[in-house]
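Trainee: Quick one, final_32.cif (mmCIF, C-alpha atoms):
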```cif
data_start
#
loop_
_atom_site.group_PDB
_atom_site.id
_atom_site.type_symbol
_atom_site.label_atom_id
_atom_site.label_comp_id
_atom_site.auth_asym_id
_atom_site.auth_seq_id
_atom_site.Cartn_x
_atom_site.Cartn_y
_atom_site.Cartn_z
ATOM 1 C CA MET A 3 0.000 0.000 0.000
ATOM 2 C CA ARG A 4 1.317 3.450 -0.915
ATOM 3 C CA ILE A 5 0.060 6.150 1.475
ATOM 4 C CA VAL A 6 0.460 9.923 1.512
ATOM 5 C CA VAL A 7 -0.010 11.481 4.957
ATOM 6 C CA LYS A 8 -0.556 15.220 5.231
ATOM 7 C CA LEU A 9 0.229 16.850 8.570
ATOM 8 C CA GLY A 10 -1.059 20.343 9.290
ATOM 9 C CA THR A 11 0.249 22.818 11.816
ATOM 10 C CA SER A 12 -2.722 22.132 14.113
ATOM 11 C CA THR A 13 -1.590 18.506 14.310
ATOM 12 C CA LEU A 14 2.096 19.246 14.866
ATOM 13 C CA ALA A 15 1.915 22.160 17.290
ATOM 14 C CA HIS A 16 0.221 23.206 20.512
ATOM 15 C CA SER A 17 -2.068 26.245 20.547
ATOM 16 C CA THR A 18 0.986 28.182 21.772
ATOM 17 C CA GLY A 19 2.668 27.532 18.436
ATOM 18 C CA HIS A 20 5.358 25.338 19.966
ATOM 19 C CA LEU A 21 5.925 21.760 18.820
ATOM 20 C CA ASN A 22 3.630 19.109 20.275
ATOM 21 C CA ILE A 23 6.503 16.764 21.105
ATOM 22 C CA ARG A 24 4.451 13.823 22.350
ATOM 23 C CA ARG A 25 2.207 13.797 19.276
ATOM 24 C CA VAL A 26 5.034 14.179 16.757
ATOM 25 C CA GLU A 27 6.925 11.355 18.457
ATOM 26 C CA GLU A 28 3.846 9.147 18.202
ATOM 27 C CA ILE A 29 3.296 10.052 14.542
ATOM 28 C CA CYS A 30 6.876 9.068 13.688
ATOM 29 C CA LYS A 31 6.540 5.832 15.667
ATOM 30 C CA VAL A 32 3.297 4.815 13.920
ATOM 31 C CA ILE A 33 4.599 5.681 10.448
ATOM 32 C CA SER A 34 7.809 3.747 11.141
ATOM 33 C CA ASP A 35 5.782 0.722 12.215
ATOM 34 C CA ILE A 36 3.579 0.888 9.125
ATOM 35 C CA LYS A 37 6.671 1.138 6.957
ATOM 36 C CA ASN A 38 8.219 -1.841 8.762
ATOM 37 C CA ALA A 39 5.123 -3.837 7.764
ATOM 38 C CA GLY A 40 5.956 -3.222 4.087
ATOM 39 C CA ASP A 41 3.841 -0.204 3.180
ATOM 40 C CA GLU A 42 5.258 2.931 1.554
ATOM 41 C CA VAL A 43 4.651 6.272 3.259
ATOM 42 C CA ILE A 44 5.119 9.806 1.943
ATOM 43 C CA MET A 45 4.634 12.755 4.275
ATOM 44 C CA VAL A 46 3.463 16.249 3.349
ATOM 45 C CA SER A 47 4.237 18.386 6.377
ATOM 46 C CA SER A 48 3.362 21.939 7.310
ATOM 47 C CA GLY A 49 4.819 23.632 10.369
ATOM 48 C CA ALA A 50 7.951 25.420 9.139
ATOM 49 C CA ILE A 51 6.667 28.939 9.782
ATOM 50 C CA GLY A 52 5.268 28.012 13.192
ATOM 51 C CA MET A 53 8.515 26.390 14.299
ATOM 52 C CA GLY A 54 10.483 29.364 13.000
ATOM 53 C CA VAL A 55 8.344 31.724 15.056
ATOM 54 C CA GLY A 56 9.233 29.757 18.178
ATOM 55 C CA LYS A 57 12.910 29.434 17.273
ATOM 56 C CA LEU A 58 13.227 33.171 16.618
ATOM 57 C CA SER A 59 11.326 33.947 19.860
ATOM 58 C CA LEU A 60 8.782 36.072 18.015
ATOM 59 C CA LYS A 61 5.827 37.092 20.163
ATOM 60 C CA GLN A 62 3.282 36.168 17.508
ATOM 61 C CA LYS A 63 2.979 34.809 13.986
ATOM 62 C CA PRO A 64 4.186 37.551 11.597
ATOM 63 C CA ALA A 65 1.713 39.242 9.291
ATOM 64 C CA ASP A 66 4.160 40.365 6.591
ATOM 65 C CA ILE A 67 5.467 38.011 3.895
ATOM 66 C CA PRO A 68 9.242 38.660 4.337
ATOM 67 C CA THR A 69 9.128 37.791 8.058
ATOM 68 C CA LYS A 70 6.997 34.718 7.322
ATOM 69 C CA GLN A 71 9.589 33.613 4.783
ATOM 70 C CA ALA A 72 12.405 34.254 7.237
ATOM 71 C CA ALA A 73 10.575 32.226 9.887
ATOM 72 C CA ALA A 74 10.054 29.421 7.347
ATOM 73 C CA ALA A 75 13.777 29.367 6.530
ATOM 74 C CA VAL A 76 14.650 28.913 10.204
ATOM 75 C CA GLY A 77 11.722 26.613 10.992
ATOM 76 C CA GLN A 78 12.291 24.239 8.089
ATOM 77 C CA CYS A 79 15.731 23.354 9.492
ATOM 78 C CA GLU A 80 14.224 22.693 12.905
ATOM 79 C CA LEU A 81 11.349 20.677 11.448
ATOM 80 C CA MET A 82 13.593 18.373 9.421
ATOM 81 C CA TYR A 83 16.043 18.008 12.317
ATOM 82 C CA THR A 84 13.159 16.801 14.476
ATOM 83 C CA TYR A 85 11.913 14.322 11.867
ATOM 84 C CA ASP A 86 15.431 13.049 11.151
ATOM 85 C CA LYS A 87 16.136 12.512 14.846
ATOM 86 C CA LEU A 88 12.862 10.721 15.566
ATOM 87 C CA PHE A 89 12.825 8.483 12.488
ATOM 88 C CA SER A 90 16.494 7.590 13.002
ATOM 89 C CA GLU A 91 15.512 6.031 16.328
ATOM 90 C CA TYR A 92 13.540 3.471 14.285
ATOM 91 C CA ASN A 93 16.294 3.071 11.642
ATOM 92 C CA HIS A 94 14.486 4.986 8.914
ATOM 93 C CA THR A 95 15.988 7.594 6.592
ATOM 94 C CA VAL A 96 14.109 10.770 5.693
ATOM 95 C CA ALA A 97 14.444 12.959 2.615
ATOM 96 C CA GLN A 98 13.383 16.581 2.209
ATOM 97 C CA LEU A 99 11.670 17.937 -0.895
ATOM 98 C CA LEU A 100 10.623 21.600 -1.028
ATOM 99 C CA MET A 101 8.174 22.471 -3.790
ATOM 100 C CA THR A 102 6.401 25.524 -5.169
ATOM 101 C CA GLY A 103 3.249 25.759 -7.245
ATOM 102 C CA ALA A 104 5.388 26.678 -10.256
ATOM 103 C CA ASP A 105 7.336 23.412 -9.915
ATOM 104 C CA LEU A 106 4.179 21.382 -10.208
ATOM 105 C CA LYS A 107 2.690 23.421 -13.055
ATOM 106 C CA ASN A 108 5.836 23.002 -15.175
ATOM 107 C CA GLU A 109 5.633 19.626 -16.954
ATOM 108 C CA GLU A 110 9.378 18.910 -16.968
ATOM 109 C CA ARG A 111 9.929 19.907 -13.324
ATOM 110 C CA HIS A 112 6.824 17.994 -12.264
ATOM 111 C CA GLN A 113 8.173 14.884 -13.991
ATOM 112 C CA ASN A 114 11.574 15.334 -12.338
ATOM 113 C CA PHE A 115 9.809 15.611 -8.987
ATOM 114 C CA SER A 116 7.849 12.402 -9.628
ATOM 115 C CA ASN A 117 11.012 10.560 -10.718
ATOM 116 C CA THR A 118 12.902 11.633 -7.589
ATOM 117 C CA LEU A 119 9.997 10.738 -5.333
ATOM 118 C CA ASN A 120 9.611 7.264 -6.825
ATOM 119 C CA ARG A 121 13.355 6.629 -6.593
ATOM 120 C CA LEU A 122 13.390 7.649 -2.930
ATOM 121 C CA LEU A 123 10.631 5.128 -2.252
ATOM 122 C CA GLU A 124 12.596 2.434 -4.081
ATOM 123 C CA LEU A 125 15.601 3.247 -1.894
ATOM 124 C CA GLY A 126 13.495 2.837 1.236
ATOM 125 C CA ALA A 127 13.493 6.498 2.330
ATOM 126 C CA ILE A 128 10.561 8.429 3.785
ATOM 127 C CA PRO A 129 10.055 11.534 1.608
ATOM 128 C CA ILE A 130 8.913 14.598 3.561
ATOM 129 C CA ILE A 131 7.471 17.316 1.348
ATOM 130 C CA ASN A 132 6.583 20.916 2.110
ATOM 131 C CA GLU A 133 5.854 23.957 0.022
ATOM 132 C CA ASN A 134 8.929 26.129 -0.259
ATOM 133 C CA ASP A 135 7.698 29.034 1.843
ATOM 134 C CA THR A 136 11.100 30.746 1.753
ATOM 135 C CA VAL A 137 10.636 31.696 -1.907
ATOM 136 C CA ALA A 138 6.949 31.224 -2.723
ATOM 137 C CA THR A 139 4.515 33.906 -1.609
ATOM 138 C CA GLU A 140 1.341 32.471 -3.147
ATOM 139 C CA GLU A 141 1.533 29.329 -1.035
ATOM 140 C CA ILE A 142 2.025 31.317 2.180
ATOM 141 C CA VAL A 143 -1.046 33.402 1.484
ATOM 142 C CA ILE A 144 -3.198 30.388 0.642
ATOM 143 C CA GLY A 145 -1.646 28.041 3.184
ATOM 144 C CA ASP A 146 -2.831 25.106 1.140
ATOM 145 C CA ASN A 147 -0.802 21.938 1.683
ATOM 146 C CA ASP A 148 -3.984 19.901 1.142
ATOM 147 C CA THR A 149 -3.851 20.511 -2.613
ATOM 148 C CA LEU A 150 -0.115 19.809 -2.639
ATOM 149 C CA ALA A 151 -0.746 16.493 -0.881
ATOM 150 C CA ALA A 152 -3.405 15.551 -3.448
ATOM 151 C CA ILE A 153 -1.058 16.382 -6.332
ATOM 152 C CA VAL A 154 1.673 14.296 -4.680
ATOM 153 C CA ALA A 155 -0.765 11.380 -4.308
ATOM 154 C CA GLU A 156 -1.698 11.698 -7.974
ATOM 155 C CA SER A 157 1.960 11.954 -9.064
ATOM 156 C CA VAL A 158 3.047 8.709 -7.376
ATOM 157 C CA GLY A 159 -0.120 6.678 -7.912
ATOM 158 C CA ALA A 160 -0.901 6.504 -4.197
ATOM 159 C CA ASP A 161 -3.647 4.207 -2.957
ATOM 160 C CA THR A 162 -4.751 6.540 -0.172
ATOM 161 C CA LEU A 163 -4.235 10.132 0.939
ATOM 162 C CA VAL A 164 -4.750 10.732 4.654
ATOM 163 C CA LEU A 165 -5.360 14.313 5.735
ATOM 164 C CA PHE A 166 -4.825 14.829 9.456
ATOM 165 C CA SER A 167 -7.172 17.601 10.595
ATOM 166 C CA ASP A 168 -8.189 19.230 13.870
ATOM 167 C CA ILE A 169 -11.633 17.568 13.714
ATOM 168 C CA ASP A 170 -12.742 13.988 13.009
ATOM 169 C CA GLY A 171 -13.928 14.572 9.448
ATOM 170 C CA LEU A 172 -16.775 16.147 7.475
ATOM 171 C CA TYR A 173 -19.981 16.711 9.459
ATOM 172 C CA THR A 174 -23.625 17.317 8.573
ATOM 173 C CA ASP A 175 -23.337 20.645 10.422
ATOM 174 C CA ASP A 176 -20.831 22.646 12.421
ATOM 175 C CA PRO A 177 -19.961 20.277 15.315
ATOM 176 C CA HIS A 178 -18.722 23.199 17.420
ATOM 177 C CA LYS A 179 -22.182 24.791 17.368
ATOM 178 C CA ASN A 180 -24.550 21.864 16.880
ATOM 179 C CA LYS A 181 -24.132 18.921 19.268
ATOM 180 C CA ASP A 182 -26.416 16.861 17.020
ATOM 181 C CA ALA A 183 -24.098 17.198 14.007
ATOM 182 C CA LYS A 184 -23.268 13.774 12.578
ATOM 183 C CA LEU A 185 -19.973 12.630 11.123
ATOM 184 C CA ILE A 186 -20.267 11.627 7.474
ATOM 185 C CA SER A 187 -18.299 8.395 7.200
ATOM 186 C CA SER A 188 -18.347 7.999 3.428
ATOM 187 C CA VAL A 189 -18.584 10.249 0.377
ATOM 188 C CA GLU A 190 -18.815 8.726 -3.102
ATOM 189 C CA LYS A 191 -19.677 11.862 -5.043
ATOM 190 C CA ILE A 192 -18.856 15.518 -4.426
ATOM 191 C CA ASP A 193 -21.926 17.593 -5.276
ATOM 192 C CA ASP A 194 -23.194 21.003 -4.192
ATOM 193 C CA SER A 195 -24.510 19.633 -0.883
ATOM 194 C CA ILE A 196 -21.061 18.293 0.086
ATOM 195 C CA ILE A 197 -19.363 21.538 -0.943
ATOM 196 C CA ALA A 198 -21.865 23.509 1.164
ATOM 197 C CA LEU A 199 -21.035 21.412 4.233
ATOM 198 C CA ALA A 200 -17.394 22.486 4.046
ATOM 199 C CA GLY A 201 -18.317 25.962 5.276
ATOM 200 C CA GLY A 202 -16.495 29.198 4.581
ATOM 201 C CA LYS A 203 -12.847 29.900 5.164
ATOM 202 C CA GLY A 204 -13.524 31.692 8.421
ATOM 203 C CA SER A 205 -16.090 29.277 9.809
ATOM 204 C CA ALA A 206 -15.507 26.803 12.589
ATOM 205 C CA LEU A 207 -15.613 23.977 10.085
ATOM 206 C CA GLY A 208 -13.059 25.872 8.055
ATOM 207 C CA THR A 209 -10.556 25.826 10.908
ATOM 208 C CA GLY A 210 -9.451 22.462 9.609
ATOM 209 C CA GLY A 211 -9.223 23.845 6.085
ATOM 210 C CA MET A 212 -12.278 21.826 5.046
ATOM 211 C CA VAL A 213 -12.789 23.814 1.849
ATOM 212 C CA THR A 214 -9.319 22.960 0.563
ATOM 213 C CA LYS A 215 -9.783 19.353 1.705
ATOM 214 C CA ILE A 216 -12.839 19.029 -0.532
ATOM 215 C CA GLU A 217 -10.778 20.365 -3.444
ATOM 216 C CA ALA A 218 -8.062 17.823 -2.628
ATOM 217 C CA ALA A 219 -10.686 15.072 -2.587
ATOM 218 C CA LYS A 220 -11.763 16.000 -6.118
ATOM 219 C CA ILE A 221 -8.185 15.506 -7.359
ATOM 220 C CA CYS A 222 -7.814 12.176 -5.561
ATOM 221 C CA MET A 223 -11.153 10.713 -6.560
ATOM 222 C CA ALA A 224 -10.552 11.589 -10.204
ATOM 223 C CA CYS A 225 -7.177 9.807 -10.314
ATOM 224 C CA GLY A 226 -8.240 6.619 -8.530
ATOM 225 C CA CYS A 227 -7.004 7.415 -5.036
ATOM 226 C CA ASP A 228 -9.068 7.229 -1.848
ATOM 227 C CA MET A 229 -8.849 10.198 0.527
ATOM 228 C CA ILE A 230 -9.568 10.111 4.241
ATOM 229 C CA ILE A 231 -9.956 13.036 6.635
ATOM 230 C CA THR A 232 -9.278 12.052 10.235
ATOM 231 C CA ASN A 233 -8.292 13.655 13.524
ATOM 232 C CA GLY A 234 -4.548 14.258 13.790
ATOM 233 C CA ALA A 235 -4.787 14.085 17.573
ATOM 234 C CA VAL A 236 -5.048 10.292 17.191
ATOM 235 C CA PRO A 237 -2.042 9.173 15.077
ATOM 236 C CA THR A 238 -2.929 5.488 15.656
ATOM 237 C CA ASN A 239 -5.892 6.025 13.303
ATOM 238 C CA LEU A 240 -3.345 5.256 10.590
ATOM 239 C CA TYR A 241 -3.298 1.621 11.711
ATOM 240 C CA ASP A 242 -7.058 1.353 11.232
ATOM 241 C CA ILE A 243 -6.845 3.041 7.825
ATOM 242 C CA VAL A 244 -4.194 0.598 6.615
ATOM 243 C CA GLU A 245 -6.341 -2.285 7.864
ATOM 244 C CA GLY A 246 -9.346 -0.962 5.927
ATOM 245 C CA LYS A 247 -11.425 0.021 8.949
ATOM 246 C CA SER A 248 -13.817 2.968 8.891
ATOM 247 C CA VAL A 249 -12.123 6.100 10.253
ATOM 248 C CA GLY A 250 -13.122 9.719 9.801
ATOM 249 C CA THR A 251 -14.594 10.614 6.402
ATOM 250 C CA LYS A 252 -13.588 8.539 3.396
ATOM 251 C CA PHE A 253 -13.862 9.957 -0.119
ATOM 252 C CA SER A 254 -13.914 6.879 -2.358
ATOM 253 C CA ARG A 255 -12.036 6.778 -5.652
ATOM 254 C CA ASN A 256 -14.044 7.060 -8.879
ATOM 255 C CA VAL A 257 -11.728 4.952 -11.047
#
```
Write out the structure in this file as structure tokens.

Mentor:
Amino acid sequence: MRIVVKLGTSTLAHSTGHLNIRRVEEICKVISDIKNAGDEVIMVSSGAIGMGVGKLSLKQKPADIPTKQAAAAVGQCELMYTYDKLFSEYNHTVAQLLMTGADLKNEERHQNFSNTLNRLLELGAIPIINENDTVATEEIVIGDNDTLAAIVAESVGADTLVLFSDIDGLYTDDPHKNKDAKLISSVEKIDDSIIALAGGKGSALGTGGMVTKIEAAKICMACGCDMIITNGAVPTNLYDIVEGKSVGTKFSRNV
């Protein structure tokens, strides 16, 4: 099984912005175990800007692009150091790939990216991908690693994309405001009713980037890849996903 796992800042960090050490350690342990069982795992990880803010002792997340890029430059080193240290404890090698939207829109560069990614998997490495926030401004403004993860899944012919979110999945209503909101366990077609459930960018449902997750699901479903939204606070959900159990919201492939 070839799996792409997308980790957002809400999964990797505490509300203070500092690294959630216990959770990141557990994520690396679970992914290492899954890899030991013979599955291939690719990670798409946010968190560079947040870690840079902490490393630079900034009082709050910067609002201007140059400071965000500076924080990303510092934070990316810290992020990869953390992953390298933790995965090394389980005898796994990590590789860093920093991408921009322009890289993926250019056919030749996109192909080079796919070739490198597939070769890393053949060599037994765990590729860790992030948007290159030190040079790309569009990605920082959008903050959309969900789409990047879907494009990665499409590029390598992944079986499943797992998006770790700050809620359990897609609900019938805003679960923060309506205690009777029900989790939707399966989606086989994305229509206007599903899009409406994602909420706006500033809504409570949107705190997990649900709008961009729906867009990512469209990419995955069209290329024959399942996509699952699940709560990043429970890294062991990955075990259930690999075993085919129902977790979170599953968007089933169309092909």

Trainee: I want to know what sits within 8 Å of region 216-225 of chain A, based on all atoms listed in the file, with residues of the same chain fewer than 6 positions away left out; could you give that as an mmCIF file with C-alpha atoms, keeping the file's coordinate frame?

Mentor:
```cif
data_model
loop_
_atom_site.group_PDB
_atom_site.id
_atom_site.type_symbol
_atom_site.label_atom_id
_atom_site.label_comp_id
_atom_site.auth_asym_id
_atom_site.auth_seq_id
_atom_site.Cartn_x
_atom_site.Cartn_y
_atom_site.Cartn_z
ATOM 1 C CA ASP A 148 -3.984 19.901 1.142
ATOM 2 C CA THR A 149 -3.851 20.511 -2.613
ATOM 3 C CA ALA A 151 -0.746 16.493 -0.881
ATOM 4 C CA ALA A 152 -3.405 15.551 -3.448
ATOM 5 C CA ILE A 153 -1.058 16.382 -6.332
ATOM 6 C CA ALA A 155 -0.765 11.380 -4.308
ATOM 7 C CA GLU A 156 -1.698 11.698 -7.974
ATOM 8 C CA LEU A 163 -4.235 10.132 0.939
ATOM 9 C CA ILE A 192 -18.856 15.518 -4.426
ATOM 10 C CA ILE A 197 -19.363 21.538 -0.943
ATOM 11 C CA ALA A 200 -17.394 22.486 4.046
ATOM 12 C CA PHE A 253 -13.862 9.957 -0.119
ATOM 13 C CA SER A 254 -13.914 6.879 -2.358
ATOM 14 C CA ARG A 255 -12.036 6.778 -5.652
ATOM 15 C CA ASN A 256 -14.044 7.060 -8.879
ATOM 16 C CA VAL A 257 -11.728 4.952 -11.047
#
```

Trainee: Residues near Ser116 (chain A), anyone? I mean within 9 Å using all atoms listed in the file, not counting same-chain ones fewer than 6 positions away, as a short mmCIF file (atom, residue, chain, number, x, y, z; two decimals) with C-alpha atoms, in the frame of the given file.

Mentor:
```
data_model
loop_
_atom_site.label_atom_id
_atom_site.label_comp_id
_atom_site.auth_asym_id
_atom_site.auth_seq_id
_atom_site.Cartn_x
_atom_site.Cartn_y
_atom_site.Cartn_z
CA VAL A 154 1.67 14.30 -4.68
CA SER A 157 1.96 11.95 -9.06
CA VAL A 158 3.05 8.71 -7.38
#
```

Trainee: Using Å and a single decimal, report how far CA of Ser47 (chain A) sits from CA of Gln113 (chain A).

Mentor: 21.0 Å

Trainee: Mind giving me the straight-line distance from CA of Ile29 (chain A) to CA of Thr238 (chain A) in Å, one decimal?

Mentor: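 Interatomic distance here is 7.8 Å.
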
Trainee: Considering only C-alpha atoms, can you say which of A:Pro64, A:Gly40, A:Pro129, A:Gly171 comes closest to Thr251 (chain A)?

Mentor: A:Gly171

Trainee: For the file shown, report as an NGL selection string the outcome of the PyMOL selection byres ((chain A and resi 174) around 12) at residue level.

Mentor: :A and (171-173 or 175-189 or 195-201 or 207 or 251)

Trainee: I'd like the contact shell of Ala127 (chain A) - 10 Å cut-off, only C-alpha atoms, skipping same-chain residues fewer than 3 positions apart - returned as a VMD selection string.

Mentor: chain A and resid 37 42 to 44 94 to 97 119 to 124 130

Trainee: Smallest atom-to-atom distance to Asp41 (chain A): which of A:Lys57, A:Lys215, A:Arg4, A:Lys252, using only C-alpha atoms?

Mentor: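 Result for the nearest residue to Asp41 (chain A): A:Arg4.
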
Trainee: What does the distance between CA of Phe89 (chain A) and CA of Thr11 (chain A) come to in Å, to one decimal place?

Mentor: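 According to the coordinates, CA of Phe89 (chain A) and CA of Thr11 (chain A) are separated by 19.1 Å.
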
Trainee: Starting from the PyMOL selection byres ((chain A and resi 162) around 8), expand the selection into actual residues of this file and give them as a list in words.

Mentor: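 The output of the PyMOL selection byres ((chain A and resi 162) around 8) on this file is Arg4, Ile5, Val6, Ala155, Ala160, Asp161, Leu163, Val164, Cys227, Asp228, Met229 and Ile230 of chain A.
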
Trainee: Which polymer residues, whether protein, DNA or RNA, lie within 12 Å of the coordinate (4.8, 20.7, 19.5) when you count all atoms listed in the file? List them as number ranges by chain, using the chain letters and numbers from the file.

Mentor: A: 10-29, 49-50, 52-53, 56, 80-81, 84, 235

Trainee: Taking the point (7.5, 6.0, 13.9) as given in the file, collect each protein or nucleic acid residue that comes within 6 Å of it, counting only C-alpha atoms, and present the set as an MDAnalysis selection string.

Mentor: chainID A and resid 29:35

Trainee: Can you list, as a ChimeraX atom specification, the residues that the PyMOL selection byres ((chain A and resi 72) around 10) selects here?

Mentor: /A:51,54-55,58,64,67-71,73-77,135-137

Trainee: For Met101 (chain A), which of A:Gly126, A:Thr118, A:Ile131, A:Gln78 is the closest residue, counting all atoms listed in the file?

Mentor: A:Ile131

Trainee: Write out as AutoDock Vina command-line options an axis-aligned box for region 64-74 of chain A: all of its atoms listed in the file, 5 Å added on each side, centre and edge lengths in Å with one decimal.

Mentor:
```
--center_x 7.1 --center_y 34.9 --center_z 7.7 --size_x 20.7 --size_y 20.9 --size_z 17.7
```

Trainee: Near Phe166 (chain A), within 9 Å and counting only C-alpha atoms, which residues show up once chain neighbours fewer than 3 positions away are dropped, as a PyMOL selection string?

Mentor: chain A and resi 7-10+12-13+169-170+210+230-237
